[in-house]
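Dumped my_file28.cif below, it's mmCIF, C-alpha atoms, pLDDT in the B column; chains and numbers go by the auth columns:
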data_run
#
loop_
_atom_site.group_PDB
_atom_site.id
_atom_site.type_symbol
_atom_site.label_atom_id
_atom_site.label_comp_id
_atom_site.label_asym_id
_atom_site.label_seq_id
_atom_site.Cartn_x
_atom_site.Cartn_y
_atom_site.Cartn_z
_atom_site.B_iso_or_equiv
_atom_site.auth_seq_id
_atom_site.auth_asym_id
ATOM 1 C CA MET A 1 11.597 -83.857 -29.890 48.00 1 C
ATOM 2 C CA GLY A 2 14.228 -81.315 -28.845 50.00 2 C
ATOM 3 C CA LYS A 3 12.007 -79.765 -26.177 54.00 3 C
ATOM 4 C CA SER A 4 11.104 -83.185 -24.770 53.00 4 C
ATOM 5 C CA THR A 5 14.766 -84.160 -24.560 54.00 5 C
ATOM 6 C CA THR A 6 15.628 -80.923 -22.779 64.00 6 C
ATOM 7 C CA LYS A 7 12.787 -81.474 -20.309 62.00 7 C
ATOM 8 C CA ASN A 8 13.955 -85.028 -19.591 69.00 8 C
ATOM 9 C CA GLU A 9 17.510 -83.839 -19.088 69.00 9 C
ATOM 10 C CA GLY A 10 16.293 -81.206 -16.658 73.00 10 C
ATOM 11 C CA SER A 11 14.390 -83.817 -14.672 82.00 11 C
ATOM 12 C CA SER A 12 17.388 -86.141 -14.583 87.00 12 C
ATOM 13 C CA PHE A 13 19.616 -83.367 -13.226 88.00 13 C
ATOM 14 C CA ILE A 14 17.063 -82.581 -10.531 89.00 14 C
ATOM 15 C CA ASN A 15 16.870 -86.253 -9.582 91.00 15 C
ATOM 16 C CA PHE A 16 20.662 -86.445 -9.581 92.00 16 C
ATOM 17 C CA ALA A 17 20.923 -83.444 -7.254 92.00 17 C
ATOM 18 C CA LYS A 18 18.361 -84.907 -4.846 93.00 18 C
ATOM 19 C CA LYS A 19 20.085 -88.275 -4.792 94.00 19 C
ATOM 20 C CA ALA A 20 23.499 -86.648 -4.330 94.00 20 C
ATOM 21 C CA GLU A 21 22.157 -84.666 -1.385 95.00 21 C
ATOM 22 C CA GLU A 22 20.741 -87.868 0.078 96.00 22 C
ATOM 23 C CA PHE A 23 24.082 -89.659 -0.281 96.00 23 C
ATOM 24 C CA ALA A 24 26.242 -86.692 0.824 95.00 24 C
ATOM 25 C CA PRO A 25 26.425 -87.559 4.560 95.00 25 C
ATOM 26 C CA GLU A 26 27.381 -91.149 3.778 96.00 26 C
ATOM 27 C CA PHE A 27 29.935 -90.021 1.174 94.00 27 C
ATOM 28 C CA LYS A 28 31.620 -87.864 3.805 92.00 28 C
ATOM 29 C CA SER A 29 31.451 -90.557 6.453 94.00 29 C
ATOM 30 C CA LEU A 30 32.916 -93.262 4.217 94.00 30 C
ATOM 31 C CA TRP A 31 35.615 -90.917 2.915 93.00 31 C
ATOM 32 C CA LYS A 32 36.595 -90.076 6.488 93.00 32 C
ATOM 33 C CA GLN A 33 36.723 -93.793 7.303 95.00 33 C
ATOM 34 C CA THR A 34 39.007 -94.334 4.313 95.00 34 C
ATOM 35 C CA GLN A 35 41.419 -91.717 5.627 94.00 35 C
ATOM 36 C CA ASP A 36 41.271 -93.093 9.172 95.00 36 C
ATOM 37 C CA SER A 37 41.949 -96.573 7.803 96.00 37 C
ATOM 38 C CA LEU A 38 45.127 -95.400 6.029 96.00 38 C
ATOM 39 C CA PHE A 39 46.463 -93.916 9.260 96.00 39 C
ATOM 40 C CA ARG A 40 45.431 -96.979 11.254 97.00 40 C
ATOM 41 C CA VAL A 41 47.245 -99.313 8.860 97.00 41 C
ATOM 42 C CA GLY A 42 50.330 -97.101 9.113 96.00 42 C
ATOM 43 C CA ASP A 43 50.215 -97.248 12.913 97.00 43 C
ATOM 44 C CA MET A 44 49.815 -101.037 12.826 97.00 44 C
ATOM 45 C CA LEU A 45 52.840 -101.367 10.553 97.00 45 C
ATOM 46 C CA VAL A 46 54.933 -99.218 12.887 96.00 46 C
ATOM 47 C CA GLU A 47 53.948 -101.468 15.781 96.00 47 C
ATOM 48 C CA LEU A 48 54.739 -104.559 13.719 96.00 48 C
ATOM 49 C CA LYS A 49 58.154 -103.244 12.742 96.00 49 C
ATOM 50 C CA SER A 50 58.992 -102.554 16.392 95.00 50 C
ATOM 51 C CA GLU A 51 58.965 -106.308 17.008 96.00 51 C
ATOM 52 C CA LEU A 52 62.037 -106.740 14.816 94.00 52 C
ATOM 53 C CA GLU A 53 65.735 -106.094 15.194 93.00 53 C
ATOM 54 C CA HIS A 54 67.160 -103.186 13.239 91.00 54 C
ATOM 55 C CA GLY A 55 67.600 -103.921 9.529 91.00 55 C
ATOM 56 C CA LYS A 56 65.214 -106.890 9.432 95.00 56 C
ATOM 57 C CA TRP A 57 62.024 -105.039 8.453 95.00 57 C
ATOM 58 C CA GLU A 58 62.047 -105.443 4.669 95.00 58 C
ATOM 59 C CA ASP A 59 63.093 -109.099 4.756 96.00 59 C
ATOM 60 C CA ALA A 60 60.407 -109.929 7.330 96.00 60 C
ATOM 61 C CA PHE A 61 57.782 -108.091 5.309 96.00 61 C
ATOM 62 C CA GLU A 62 58.676 -109.846 2.057 96.00 62 C
ATOM 63 C CA GLU A 63 58.745 -113.257 3.743 96.00 63 C
ATOM 64 C CA ASN A 64 55.202 -112.623 4.938 96.00 64 C
ATOM 65 C CA ALA A 65 54.014 -110.761 1.835 95.00 65 C
ATOM 66 C CA ASP A 66 50.896 -112.947 1.550 96.00 66 C
ATOM 67 C CA LYS A 67 49.574 -111.329 4.734 96.00 67 C
ATOM 68 C CA PHE A 68 49.645 -107.810 3.287 97.00 68 C
ATOM 69 C CA PRO A 69 47.341 -106.559 0.474 96.00 69 C
ATOM 70 C CA PHE A 70 49.927 -103.935 -0.494 95.00 70 C
ATOM 71 C CA SER A 71 53.604 -103.741 -1.406 95.00 71 C
ATOM 72 C CA PHE A 72 56.539 -102.951 0.864 95.00 72 C
ATOM 73 C CA ARG A 73 56.833 -99.575 -0.855 94.00 73 C
ATOM 74 C CA ILE A 74 53.247 -98.692 0.085 96.00 74 C
ATOM 75 C CA ALA A 75 53.859 -99.940 3.621 96.00 75 C
ATOM 76 C CA GLN A 76 56.793 -97.552 3.925 95.00 76 C
ATOM 77 C CA LYS A 77 54.669 -94.655 2.696 95.00 77 C
ATOM 78 C CA LEU A 78 51.843 -95.433 5.136 96.00 78 C
ATOM 79 C CA MET A 79 54.272 -95.545 8.061 96.00 79 C
ATOM 80 C CA PHE A 80 55.865 -92.311 6.890 95.00 80 C
ATOM 81 C CA ILE A 81 52.480 -90.572 6.759 96.00 81 C
ATOM 82 C CA SER A 82 50.999 -91.942 9.981 95.00 82 C
ATOM 83 C CA GLY A 83 54.103 -91.046 11.968 94.00 83 C
ATOM 84 C CA PHE A 84 54.083 -87.386 10.943 94.00 84 C
ATOM 85 C CA GLU A 85 53.242 -85.404 14.085 95.00 85 C
ATOM 86 C CA PRO A 86 51.259 -82.524 12.462 95.00 86 C
ATOM 87 C CA PHE A 87 48.854 -85.058 10.923 96.00 87 C
ATOM 88 C CA LYS A 88 47.705 -85.959 14.426 93.00 88 C
ATOM 89 C CA SER A 89 46.027 -82.544 14.621 93.00 89 C
ATOM 90 C CA LYS A 90 42.282 -82.806 13.964 92.00 90 C
ATOM 91 C CA ASP A 91 42.168 -79.537 11.984 92.00 91 C
ATOM 92 C CA ILE A 92 45.071 -80.515 9.760 95.00 92 C
ATOM 93 C CA ARG A 93 43.907 -84.081 9.208 94.00 93 C
ATOM 94 C CA GLU A 94 40.444 -82.938 8.146 93.00 94 C
ATOM 95 C CA ALA A 95 42.053 -80.722 5.505 94.00 95 C
ATOM 96 C CA LEU A 96 44.203 -83.485 4.009 96.00 96 C
ATOM 97 C CA PRO A 97 43.485 -85.098 0.646 96.00 97 C
ATOM 98 C CA VAL A 98 42.710 -88.807 0.979 95.00 98 C
ATOM 99 C CA SER A 99 45.663 -89.815 -1.186 95.00 99 C
ATOM 100 C CA ILE A 100 48.851 -91.572 -0.123 95.00 100 C
ATOM 101 C CA GLU A 101 50.852 -89.793 -2.826 94.00 101 C
ATOM 102 C CA LYS A 102 49.561 -86.328 -1.907 95.00 102 C
ATOM 103 C CA MET A 103 49.955 -86.788 1.841 96.00 103 C
ATOM 104 C CA GLU A 104 53.484 -88.112 1.343 94.00 104 C
ATOM 105 C CA LYS A 105 54.347 -85.024 -0.698 93.00 105 C
ATOM 106 C CA ILE A 106 52.947 -82.732 2.003 94.00 106 C
ATOM 107 C CA VAL A 107 55.102 -84.474 4.631 93.00 107 C
ATOM 108 C CA LYS A 108 58.254 -84.139 2.513 89.00 108 C
ATOM 109 C CA LEU A 109 57.697 -80.482 1.703 89.00 109 C
ATOM 110 C CA THR A 110 56.737 -79.570 5.261 90.00 110 C
ATOM 111 C CA GLY A 111 59.868 -81.089 6.775 87.00 111 C
ATOM 112 C CA LYS A 112 60.358 -79.652 10.243 87.00 112 C
ATOM 113 C CA ASN A 113 58.502 -76.450 9.407 87.00 113 C
ATOM 114 C CA HIS A 114 55.271 -77.593 11.049 92.00 114 C
ATOM 115 C CA SER A 115 53.976 -74.071 11.529 91.00 115 C
ATOM 116 C CA LEU A 116 54.065 -73.524 7.766 91.00 116 C
ATOM 117 C CA LEU A 117 51.727 -76.458 7.185 94.00 117 C
ATOM 118 C CA ALA A 118 49.311 -75.090 9.795 93.00 118 C
ATOM 119 C CA GLU A 119 49.369 -71.722 8.011 93.00 119 C
ATOM 120 C CA LEU A 120 48.724 -73.301 4.610 94.00 120 C
ATOM 121 C CA VAL A 121 45.766 -75.235 6.005 95.00 121 C
ATOM 122 C CA ALA A 122 44.376 -72.129 7.694 94.00 122 C
ATOM 123 C CA ASP A 123 44.756 -70.154 4.442 94.00 123 C
ATOM 124 C CA GLY A 124 43.007 -72.887 2.465 95.00 124 C
ATOM 125 C CA ALA A 125 46.066 -73.598 0.285 94.00 125 C
ATOM 126 C CA ILE A 126 46.058 -77.197 1.517 96.00 126 C
ATOM 127 C CA HIS A 127 42.623 -78.799 1.392 95.00 127 C
ATOM 128 C CA SER A 128 40.955 -82.144 0.722 94.00 128 C
ATOM 129 C CA LYS A 129 40.714 -81.623 -3.054 95.00 129 C
ATOM 130 C CA VAL A 130 44.158 -80.085 -3.602 95.00 130 C
ATOM 131 C CA SER A 131 46.167 -81.331 -6.585 94.00 131 C
ATOM 132 C CA ILE A 132 49.803 -82.453 -6.559 92.00 132 C
ATOM 133 C CA LYS A 133 50.709 -79.384 -8.608 91.00 133 C
ATOM 134 C CA ASP A 134 48.981 -77.019 -6.179 93.00 134 C
ATOM 135 C CA ILE A 135 50.694 -78.698 -3.215 93.00 135 C
ATOM 136 C CA SER A 136 54.049 -77.854 -4.805 89.00 136 C
ATOM 137 C CA ARG A 137 52.967 -74.293 -5.439 88.00 137 C
ATOM 138 C CA ALA A 138 51.689 -73.869 -1.888 90.00 138 C
ATOM 139 C CA PHE A 139 55.139 -74.761 -0.532 86.00 139 C
ATOM 140 C CA GLY A 140 56.973 -72.571 -3.039 81.00 140 C
ATOM 141 C CA VAL A 141 58.207 -75.354 -5.316 76.00 141 C
ATOM 142 C CA GLU A 142 57.718 -74.510 -8.999 56.00 142 C
ATOM 143 C CA ALA A 143 55.782 -71.453 -7.850 43.00 143 C
ATOM 144 C CA THR A 144 54.879 -69.041 -10.627 40.00 144 C
ATOM 145 C CA THR A 145 55.426 -65.713 -8.949 40.00 145 C
ATOM 146 C CA ALA A 146 56.781 -62.297 -9.856 37.00 146 C
ATOM 147 C CA GLY A 147 59.964 -63.254 -8.013 39.00 147 C
ATOM 148 C CA SER A 148 60.621 -66.238 -10.269 40.00 148 C
ATOM 149 C CA THR A 149 64.205 -66.562 -11.482 41.00 149 C
ATOM 150 C CA SER A 150 63.065 -67.832 -14.861 44.00 150 C
ATOM 151 C CA LYS A 151 60.136 -66.875 -17.058 41.00 151 C
ATOM 152 C CA GLY A 152 58.089 -69.822 -18.244 44.00 152 C
ATOM 153 C CA LEU A 153 59.773 -72.379 -15.985 50.00 153 C
ATOM 154 C CA GLY A 154 58.158 -70.990 -12.842 55.00 154 C
ATOM 155 C CA LEU A 155 61.222 -71.421 -10.645 59.00 155 C
ATOM 156 C CA PRO A 156 61.162 -69.828 -7.194 63.00 156 C
ATOM 157 C CA SER A 157 63.368 -66.879 -6.353 64.00 157 C
ATOM 158 C CA GLU A 158 66.471 -67.232 -4.194 67.00 158 C
ATOM 159 C CA ALA A 159 64.579 -65.469 -1.390 65.00 159 C
ATOM 160 C CA ALA A 160 61.809 -68.083 -1.639 67.00 160 C
ATOM 161 C CA MET A 161 64.338 -70.921 -1.567 69.00 161 C
ATOM 162 C CA LEU A 162 65.878 -69.552 1.621 71.00 162 C
ATOM 163 C CA LYS A 163 62.534 -70.175 3.334 66.00 163 C
ATOM 164 C CA MET A 164 62.139 -73.717 2.012 69.00 164 C
ATOM 165 C CA SER A 165 62.654 -76.811 4.128 71.00 165 C
ATOM 166 C CA THR A 166 65.494 -79.171 3.181 73.00 166 C
ATOM 167 C CA ASP A 167 62.973 -81.639 1.750 72.00 167 C
ATOM 168 C CA ALA A 168 61.431 -78.868 -0.356 74.00 168 C
ATOM 169 C CA LEU A 169 64.868 -77.972 -1.731 75.00 169 C
ATOM 170 C CA GLU A 170 65.531 -81.614 -2.600 75.00 170 C
ATOM 171 C CA GLU A 171 62.132 -81.749 -4.305 74.00 171 C
ATOM 172 C CA LEU A 172 63.043 -78.660 -6.331 73.00 172 C
ATOM 173 C CA VAL A 173 66.400 -80.056 -7.446 74.00 173 C
ATOM 174 C CA ALA A 174 64.803 -83.381 -8.418 73.00 174 C
ATOM 175 C CA SER A 175 62.116 -81.550 -10.385 71.00 175 C
ATOM 176 C CA LEU A 176 64.666 -79.484 -12.283 67.00 176 C
ATOM 177 C CA ILE A 177 66.725 -82.546 -13.162 64.00 177 C
ATOM 178 C CA GLU A 178 63.632 -84.416 -14.316 62.00 178 C
ATOM 179 C CA LYS A 179 62.623 -81.568 -16.620 60.00 179 C
ATOM 180 C CA GLN A 180 66.166 -81.389 -18.047 51.00 180 C
ATOM 181 C CA SER A 181 65.859 -77.639 -18.057 53.00 181 C
ATOM 182 C CA ILE A 182 68.092 -76.698 -15.182 51.00 182 C
ATOM 183 C CA LEU A 183 69.258 -73.147 -14.692 53.00 183 C
ATOM 184 C CA ASP A 184 72.821 -73.249 -13.368 57.00 184 C
ATOM 185 C CA LYS A 185 72.268 -70.397 -10.970 60.00 185 C
ATOM 186 C CA THR A 186 69.069 -71.784 -9.464 64.00 186 C
ATOM 187 C CA GLN A 187 70.240 -75.373 -9.172 65.00 187 C
ATOM 188 C CA GLY A 188 73.618 -74.278 -7.867 67.00 188 C
ATOM 189 C CA PHE A 189 72.066 -72.088 -5.190 70.00 189 C
ATOM 190 C CA ALA A 190 69.647 -74.817 -4.063 72.00 190 C
ATOM 191 C CA GLN A 191 72.442 -77.386 -3.898 71.00 191 C
ATOM 192 C CA PHE A 192 74.657 -74.903 -2.048 70.00 192 C
ATOM 193 C CA LEU A 193 71.944 -74.516 0.586 75.00 193 C
ATOM 194 C CA LEU A 194 71.626 -78.292 0.912 77.00 194 C
ATOM 195 C CA ARG A 195 75.396 -78.737 1.300 76.00 195 C
ATOM 196 C CA ASN A 196 75.533 -75.899 3.801 75.00 196 C
ATOM 197 C CA ARG A 197 72.746 -77.416 5.890 73.00 197 C
ATOM 198 C CA GLU A 198 74.321 -80.870 5.729 72.00 198 C
ATOM 199 C CA ALA A 199 77.647 -79.376 6.878 72.00 199 C
ATOM 200 C CA THR A 200 75.905 -77.558 9.722 72.00 200 C
ATOM 201 C CA ALA A 201 74.143 -80.770 10.749 67.00 201 C
ATOM 202 C CA ASN A 202 77.433 -82.695 10.669 64.00 202 C
ATOM 203 C CA ASP A 203 79.136 -80.013 12.778 64.00 203 C
ATOM 204 C CA SER A 204 76.303 -80.233 15.288 62.00 204 C
ATOM 205 C CA LEU A 205 76.683 -84.013 15.478 62.00 205 C
ATOM 206 C CA LYS A 206 80.437 -83.649 16.062 60.00 206 C
ATOM 207 C CA LEU A 207 79.861 -81.153 18.836 61.00 207 C
ATOM 208 C CA ALA A 208 77.235 -83.419 20.400 56.00 208 C
ATOM 209 C CA ALA A 209 79.686 -86.299 20.310 53.00 209 C
#
Starting from the file, give its structure as structure tokens.
Amino acid sequence: MGKSTTKNEGSSFINFAKKAEEFAPEFKSLWKQTQDSLFRVGDMLVELKSELEHGKWEDAFEENADKFPFSFRIAQKLMFISGFEPFKSKDIREALPVSIEKMEKIVKLTGKNHSLLAELVADGAIHSKVSIKDISRAFGVEATTAGSTSKGLGLPSEAAMLKMSTDALEELVASLIEKQSILDKTQGFAQFLLRNREATANDSLKLAA
């Protein structure tokens, strides 16, 4: 009985592998279409929003909510993702996970450091099956490295934070607050960098004016 069961299991695995190989091209094609559809919907929403006066977008969306199979929050995310310039690159788009949440996180952590995203894709740190946790690690948020300022918590070093984008720093601060295990030095340094960058940006705006 045992040998017969093992033989049947072996046959089923072989059949599974053959069927999976048969379906593989269609899996890839449909998955690619899913990704393209997300970007297309985002582009359509951007075009739709452009028809309105400033500040009217959410009200107009909610008044016509029956025409959308998703919430306003999802609409915002799709527009945010589709409008991100690096995602227009064929190489980068092919490496993206087909997940609104994951793509949104990649946009936030990349910020204006577009070259960093290209490097992470080229190195294989960002790929179609990447997890949320590994996205954070790839950008240096909650990275568990020898330069960590805290054992066990996996906080990045001050040197690593200096290289982070503003969005990555905000993500770090939010993560620390959520965990309720904030190290004064780390949080203080990250917030100092944010304040410093905000002050620099404000000074630049004043000069431009």
Q: Point out the residue among C:Glu104, C:Glu58, C:Glu85, C:Glu47 with the least atom-to-atom distance to C:Asp167, counting only C-alpha atoms.
A: C:Glu104
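With all atoms listed in the file as the atoms that count, the residue of C:Gln76, C:Ser136, C:Ser12, C:Ser128 with the shortest distance to C:Lys105 is C:Ser136.
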Q: Could you please determine the separation between atom CA of C:Asn196 and atom CA of C:Leu162 in Å, to one decimal place?
A: 11.8 Å
Q) Between C:Phe39, C:Phe68, C:Trp31, C:Phe61, which one has atoms that come closest to C:Ile81, using all atoms listed in the file? A)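 Smallest distance to C:Ile81 is found for C:Phe39.
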Would you compute, for all listed atoms of stretch 30-36 of chain C, the axis-aligned bounding box grown by 5 Å on each side, and then report its centre and edge lengths in Å rounded to one decimal, as JSON?
{"center_x": 37.2, "center_y": -92.2, "center_z": 6.0, "size_x": 18.5, "size_y": 14.3, "size_z": 16.3}
Q) Which polymer residues have any atom within 9 Å of an atom of stretch 116-120 of chain C, counting all atoms listed in the file, with same-chain residues fewer than 2 positions away left out, as a list in words? A)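 Listing them by chain and then by number gives Pro86, Asp91, Ile92, Ile106, Thr110, Asn113, His114, Ala122, Asp123, Gly124, Ala125, Ile126, His127, Ala138 and Phe139 of chain C.
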Just C-alpha atoms for this one: save the residues we selected as a CSV table (one decimal), in the coordinates of the input.
chain,number,residue,atom,x,y,z
C,86,PRO,CA,51.3,-82.5,12.5
C,91,ASP,CA,42.2,-79.5,12.0
C,92,ILE,CA,45.1,-80.5,9.8
C,106,ILE,CA,52.9,-82.7,2.0
C,110,THR,CA,56.7,-79.6,5.3
C,113,ASN,CA,58.5,-76.4,9.4
C,114,HIS,CA,55.3,-77.6,11.0
C,122,ALA,CA,44.4,-72.1,7.7
C,123,ASP,CA,44.8,-70.2,4.4
C,124,GLY,CA,43.0,-72.9,2.5
C,125,ALA,CA,46.1,-73.6,0.3
C,126,ILE,CA,46.1,-77.2,1.5
C,127,HIS,CA,42.6,-78.8,1.4
C,138,ALA,CA,51.7,-73.9,-1.9
C,139,PHE,CA,55.1,-74.8,-0.5
**Q.** Separation of atom CA of C:Ala95 from atom CA of C:Glu22, in Å and rounded to one decimal
**A.**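 Pair atom CA of C:Ala95 / atom CA of C:Glu22 returns 23.1 Å.
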Q: Tell me, in Å to one decimal, how far atom CA of C:Leu78 is from atom CA of C:Phe23.
A: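 Atom CA of C:Phe23 lies at a distance of 28.9 Å from atom CA of C:Leu78.
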Q: Just the residues within 12 Å of C:Ile100, please, counting all atoms listed in the file, with nothing from its chain fewer than 3 positions along; format it as a ChimeraX atom specification.
A: /C:34-35,37-39,41-42,73-82,96-97,103-107,132
Just write the chosen residues, C-alpha atoms, as a PDB file, in the coordinates of the input.
ATOM      1  CA  THR C  34      39.007 -94.334   4.313  1.00 95.00           C
ATOM      2  CA  GLN C  35      41.419 -91.717   5.627  1.00 94.00           C
ATOM      3  CA  SER C  37      41.949 -96.573   7.803  1.00 96.00           C
ATOM      4  CA  LEU C  38      45.127 -95.400   6.029  1.00 96.00           C
ATOM      5  CA  PHE C  39      46.463 -93.916   9.260  1.00 96.00           C
ATOM      6  CA  VAL C  41      47.245 -99.313   8.860  1.00 97.00           C
ATOM      7  CA  GLY C  42      50.330 -97.101   9.113  1.00 96.00           C
ATOM      8  CA  ARG C  73      56.833 -99.575  -0.855  1.00 94.00           C
ATOM      9  CA  ILE C  74      53.247 -98.692   0.085  1.00 96.00           C
ATOM     10  CA  ALA C  75      53.859 -99.940   3.621  1.00 96.00           C
ATOM     11  CA  GLN C  76      56.793 -97.552   3.925  1.00 95.00           C
ATOM     12  CA  LYS C  77      54.669 -94.655   2.696  1.00 95.00           C
ATOM     13  CA  LEU C  78      51.843 -95.433   5.136  1.00 96.00           C
ATOM     14  CA  MET C  79      54.272 -95.545   8.061  1.00 96.00           C
ATOM     15  CA  PHE C  80      55.865 -92.311   6.890  1.00 95.00           C
ATOM     16  CA  ILE C  81      52.480 -90.572   6.759  1.00 96.00           C
ATOM     17  CA  SER C  82      50.999 -91.942   9.981  1.00 95.00           C
ATOM     18  CA  LEU C  96      44.203 -83.485   4.009  1.00 96.00           C
ATOM     19  CA  PRO C  97      43.485 -85.098   0.646  1.00 96.00           C
ATOM     20  CA  MET C 103      49.955 -86.788   1.841  1.00 96.00           C
ATOM     21  CA  GLU C 104      53.484 -88.112   1.343  1.00 94.00           C
ATOM     22  CA  LYS C 105      54.347 -85.024  -0.698  1.00 93.00           C
ATOM     23  CA  ILE C 106      52.947 -82.732   2.003  1.00 94.00           C
ATOM     24  CA  VAL C 107      55.102 -84.474   4.631  1.00 93.00           C
ATOM     25  CA  ILE C 132      49.803 -82.453  -6.559  1.00 92.00           C
TER      26      ILE C 132
END
Which residues match the PyMOL selection byres ((chain C and resi 57) around 12) in the file above, as a PDB file with C-alpha atoms, keeping the file's coordinate frame?
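Listed below is the output, expr_14.pdb:
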ATOM      1  CA  LEU C  45      52.840-101.367  10.553  1.00 97.00           C
ATOM      2  CA  VAL C  46      54.933 -99.218  12.887  1.00 96.00           C
ATOM      3  CA  GLU C  47      53.948-101.468  15.781  1.00 96.00           C
ATOM      4  CA  LEU C  48      54.739-104.559  13.719  1.00 96.00           C
ATOM      5  CA  LYS C  49      58.154-103.244  12.742  1.00 96.00           C
ATOM      6  CA  SER C  50      58.992-102.554  16.392  1.00 95.00           C
ATOM      7  CA  GLU C  51      58.965-106.308  17.008  1.00 96.00           C
ATOM      8  CA  LEU C  52      62.037-106.740  14.816  1.00 94.00           C
ATOM      9  CA  GLU C  53      65.735-106.094  15.194  1.00 93.00           C
ATOM     10  CA  HIS C  54      67.160-103.186  13.239  1.00 91.00           C
ATOM     11  CA  GLY C  55      67.600-103.921   9.529  1.00 91.00           C
ATOM     12  CA  LYS C  56      65.214-106.890   9.432  1.00 95.00           C
ATOM     13  CA  GLU C  58      62.047-105.443   4.669  1.00 95.00           C
ATOM     14  CA  ASP C  59      63.093-109.099   4.756  1.00 96.00           C
ATOM     15  CA  ALA C  60      60.407-109.929   7.330  1.00 96.00           C
ATOM     16  CA  PHE C  61      57.782-108.091   5.309  1.00 96.00           C
ATOM     17  CA  GLU C  62      58.676-109.846   2.057  1.00 96.00           C
ATOM     18  CA  GLU C  63      58.745-113.257   3.743  1.00 96.00           C
ATOM     19  CA  ASN C  64      55.202-112.623   4.938  1.00 96.00           C
ATOM     20  CA  ALA C  65      54.014-110.761   1.835  1.00 95.00           C
ATOM     21  CA  PHE C  72      56.539-102.951   0.864  1.00 95.00           C
ATOM     22  CA  ARG C  73      56.833 -99.575  -0.855  1.00 94.00           C
ATOM     23  CA  ALA C  75      53.859 -99.940   3.621  1.00 96.00           C
ATOM     24  CA  GLN C  76      56.793 -97.552   3.925  1.00 95.00           C
TER      25      GLN C  76
END
Q. For C:Gln33, which residue out of C:Thr200, C:Gly83, C:Glu94, C:Lys19 is the nearest one, using only C-alpha atoms?
A. C:Glu94
Q: Go through C:Phe84, C:Ser29, C:Phe192, C:Arg197 one by one, measure the shortest atom-to-atom distance of each to C:Val173 using all atoms listed in the file, and give the residue with the smallest value.
A: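 When distances to C:Val173 are compared using all atoms listed in the file, the smallest one comes from C:Phe192.
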